[in-house]
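**Q** To start, I am sharing the structure in question, which I have written as structure tokens.
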Amino acid sequence: MFGNKKQQDGALTLLPTAPADIDAVRTRCLALVRKRAALSAGVAAVPLPGIDVVADLTSFASMVEDINRAFGLTPEQIERLQPHMRVAAYEAVGTLGGMLVGKLVTKELVLKMLQKMGTRLAAKSAAKVVPLAGQIAAAAIGFALFRKMGNQHVEACVRVAREVAIKAEPA
């Protein structure tokens with residue numbers, strides 16, 4: 001039912017392969033995204049330009065690592081899989097995974113992803129110039145942007161996990 005296990009900080013981390021397990025991890029990760037997006041919105045409401053971008057980079061990188069770990073898709077976890085599952089995971093990451101699935105997440109990689117959403121980031125920064133209403137707009141834009149990118153990453157991990165589960169089934 002599960003791939004190889006990995007011991008980390010005393011807790012087992014498994015690669016979910018059963019559909020119900022994948023859905024459960026997806027649900028937990030979407031809740032994590034909502035929570036972190038709300039925190040991002042709170043930071044975006046602070047009227048200091050630039051502080052939200054730094055906080056978003058750090059928080060998003062951490063969240064992506066947490067999501068990858070929950071799905072058993074960190075580089076270390078993939079390397080510990082049985083050989084046939086490792087091959088299936090790398091193939092799925094290459095064809096289905098997003099930019100951050102199964103990769104070592106760096107701030108530079110997250111910044112590259114954020115740059116793809118550049119127009120919204122510019123609007124978020126520009127909105128801060130207008131008192132109160134601008135801060136509210138910046139918070140709303142920050143929440144939406146963070147949540148959208150986080151949800152996209154979760155769905156990419158779901159696609160990869162499902163593909164690995166299909167390829168891992170005995171023939």
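Labels used: A, B, ... for chains in the order of the structure tokens, numbers from 1 for residues in each chain, and numbers from 1 for ligands as shown.
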Please provide as a PyMOL selection string all residues within 9 Å of A:Val43, with the sequence filter that same-chain residues fewer than 5 positions apart are discarded (counting only C-alpha atoms).
**A** chain A and resi 38+51-52+55-56+139+142
**Q** Kindly give the distance, in Å, that separates atom CA of A:Glu163 and atom CA of A:Leu81, rounded to a single decimal.
**A**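 One can read the atom CA of A:Glu163 to atom CA of A:Leu81 distance as 14.7 Å.
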**Q** May I have the residues within 12 Å of stretch 14-17 of chain A as a ChimeraX atom specification, using only C-alpha atoms and disregarding those fewer than 2 positions away in the same chain?
**A** /A:1-8,11-12,19-26,67-74,76-82,85-86,88-89,157-169
**Q** Which of these residues is nearest to A:Ile141, using only C-alpha atoms: A:Ala18, A:Val93, A:Ala41, A:Val64?
**A**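 The closest residue to A:Ile141 is A:Ala41.
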**Q** From stretch 20-104 of chain A, collect each residue whose DSSP state is alpha helix (DSSP H) and return the set as a PyMOL selection string.
**A** chain A and resi 20-44+51-70+75-79+83-95
**Q** Do you know which residues are at most 12 Å from A:Ser59 counting only C-alpha atoms, after dropping those on the same chain fewer than 2 positions away, and could you put them as a short mmCIF file (atom, residue, chain, number, x, y, z; two decimals) with N, CA, C and O atoms, in the first residue's frame?
**A**
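Heads up, here's the output in part11.cif:
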```
data_model
loop_
_atom_site.label_atom_id
_atom_site.label_comp_id
_atom_site.auth_asym_id
_atom_site.auth_seq_id
_atom_site.Cartn_x
_atom_site.Cartn_y
_atom_site.Cartn_z
N LEU A 32 -3.11 23.53 4.90
CA LEU A 32 -1.84 24.19 5.19
C LEU A 32 -1.67 25.42 4.27
O LEU A 32 -1.26 26.49 4.73
N VAL A 33 -2.01 25.27 3.00
CA VAL A 33 -1.91 26.38 2.05
C VAL A 33 -2.81 27.53 2.50
O VAL A 33 -2.38 28.69 2.51
N LYS A 35 -3.87 28.27 5.48
CA LYS A 35 -3.31 28.86 6.70
C LYS A 35 -2.13 29.77 6.36
O LYS A 35 -2.06 30.91 6.83
N ARG A 36 -1.21 29.28 5.53
CA ARG A 36 -0.04 30.08 5.17
C ARG A 36 -0.43 31.29 4.32
O ARG A 36 0.19 32.35 4.41
N ALA A 37 -1.45 31.14 3.46
CA ALA A 37 -1.92 32.26 2.65
C ALA A 37 -2.51 33.35 3.54
O ALA A 37 -2.31 34.54 3.30
N ALA A 38 -3.22 32.94 4.58
CA ALA A 38 -3.78 33.92 5.52
C ALA A 38 -2.66 34.66 6.25
O ALA A 38 -2.74 35.88 6.45
N LEU A 39 -1.61 33.94 6.63
CA LEU A 39 -0.46 34.60 7.26
C LEU A 39 0.20 35.57 6.29
O LEU A 39 0.60 36.67 6.68
N SER A 40 0.30 35.16 5.02
CA SER A 40 0.87 36.03 3.99
C SER A 40 0.05 37.30 3.85
O SER A 40 0.60 38.40 3.71
N ALA A 41 -1.27 37.16 3.89
CA ALA A 41 -2.15 38.33 3.79
C ALA A 41 -1.93 39.26 4.98
O ALA A 41 -1.92 40.49 4.82
N VAL A 43 0.83 39.68 6.69
CA VAL A 43 2.10 40.38 6.50
C VAL A 43 1.96 41.44 5.41
O VAL A 43 2.52 42.53 5.51
N ASP A 52 6.75 42.12 2.78
CA ASP A 52 5.87 41.01 2.43
C ASP A 52 6.52 40.07 1.42
O ASP A 52 6.33 38.86 1.50
N VAL A 53 7.32 40.60 0.52
CA VAL A 53 7.98 39.74 -0.48
C VAL A 53 8.98 38.82 0.20
O VAL A 53 9.03 37.62 -0.08
N VAL A 54 9.76 39.36 1.12
CA VAL A 54 10.74 38.55 1.85
C VAL A 54 10.02 37.49 2.68
O VAL A 54 10.41 36.32 2.68
N ALA A 55 8.96 37.90 3.36
CA ALA A 55 8.20 36.94 4.18
C ALA A 55 7.55 35.87 3.30
O ALA A 55 7.54 34.69 3.65
N ASP A 56 7.02 36.28 2.14
CA ASP A 56 6.40 35.32 1.22
C ASP A 56 7.41 34.31 0.70
O ASP A 56 7.12 33.12 0.61
N LEU A 57 8.61 34.77 0.34
CA LEU A 57 9.65 33.86 -0.15
C LEU A 57 9.98 32.80 0.89
O LEU A 57 10.02 31.60 0.58
N ALA A 61 8.69 28.88 0.47
CA ALA A 61 9.72 27.83 0.37
C ALA A 61 9.51 26.78 1.45
O ALA A 61 9.59 25.57 1.18
N SER A 62 9.23 27.23 2.67
CA SER A 62 8.99 26.30 3.77
C SER A 62 7.73 25.46 3.51
O SER A 62 7.71 24.25 3.75
N MET A 63 6.68 26.11 3.01
CA MET A 63 5.43 25.40 2.74
C MET A 63 5.62 24.34 1.64
O MET A 63 5.13 23.22 1.76
N VAL A 64 6.35 24.68 0.60
CA VAL A 64 6.59 23.73 -0.49
C VAL A 64 7.35 22.51 0.03
O VAL A 64 7.03 21.37 -0.30
N GLU A 65 8.34 22.76 0.88
CA GLU A 65 9.08 21.65 1.49
C GLU A 65 8.14 20.77 2.31
O GLU A 65 8.22 19.54 2.24
N ASP A 66 7.26 21.39 3.09
CA ASP A 66 6.30 20.64 3.91
C ASP A 66 5.36 19.81 3.04
O ASP A 66 5.05 18.66 3.36
N VAL A 105 14.13 22.76 -2.66
CA VAL A 105 13.51 24.07 -2.78
C VAL A 105 14.46 25.14 -2.23
O VAL A 105 14.87 25.08 -1.09
N THR A 106 14.79 26.07 -3.10
CA THR A 106 15.64 27.19 -2.69
C THR A 106 14.85 28.48 -2.85
O THR A 106 13.86 28.52 -3.59
N LYS A 107 15.29 29.51 -2.19
CA LYS A 107 14.62 30.80 -2.34
C LYS A 107 14.72 31.30 -3.78
O LYS A 107 13.80 31.93 -4.28
N VAL A 110 11.97 29.58 -5.74
CA VAL A 110 10.67 30.17 -5.41
C VAL A 110 10.55 31.56 -6.02
O VAL A 110 9.51 31.93 -6.56
N LEU A 111 11.63 32.35 -5.98
CA LEU A 111 11.62 33.68 -6.58
C LEU A 111 11.34 33.59 -8.07
O LEU A 111 10.58 34.39 -8.62
N PHE A 146 -0.71 33.74 -3.09
CA PHE A 146 -0.08 32.68 -2.29
C PHE A 146 -0.91 31.40 -2.37
O PHE A 146 -0.39 30.31 -2.56
N ARG A 147 -2.22 31.55 -2.21
CA ARG A 147 -3.11 30.39 -2.22
C ARG A 147 -3.11 29.71 -3.59
O ARG A 147 -3.06 28.48 -3.68
N GLY A 150 0.20 27.88 -4.04
CA GLY A 150 0.24 26.72 -3.15
C GLY A 150 -0.67 25.61 -3.61
O GLY A 150 -0.28 24.43 -3.62
#
```
**Q** With only C-alpha atoms as the basis for distance, which of A:Ala140, A:Thr27, A:Ala156, A:Lys148 is at the shortest distance from A:Ala92?
**A**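 Nearest candidate to A:Ala92 out of A:Ala140, A:Thr27, A:Ala156, A:Lys148: A:Ala156.
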**Q** From the set A:Arg34, A:Arg28, A:His84, A:Glu91, which residue has the shortest atom-to-atom contact distance to A:Met149, counting only C-alpha atoms?
**A**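 Of all the options, A:Arg34 lies closest to A:Met149.
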**Q** Go through A:Pro75, A:Val101, A:Thr58, A:Pro83 and flag the residue nearest A:Gln152, using only C-alpha atoms for the distances.
**A** A:Val101
**Q** From the list A:Leu96, A:Ile136, A:Val87, A:Leu30, which residue is nearest A:Ala45 when using only C-alpha atoms?
**A**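 With only C-alpha atoms as the atom set, the closest residue is A:Ile136.
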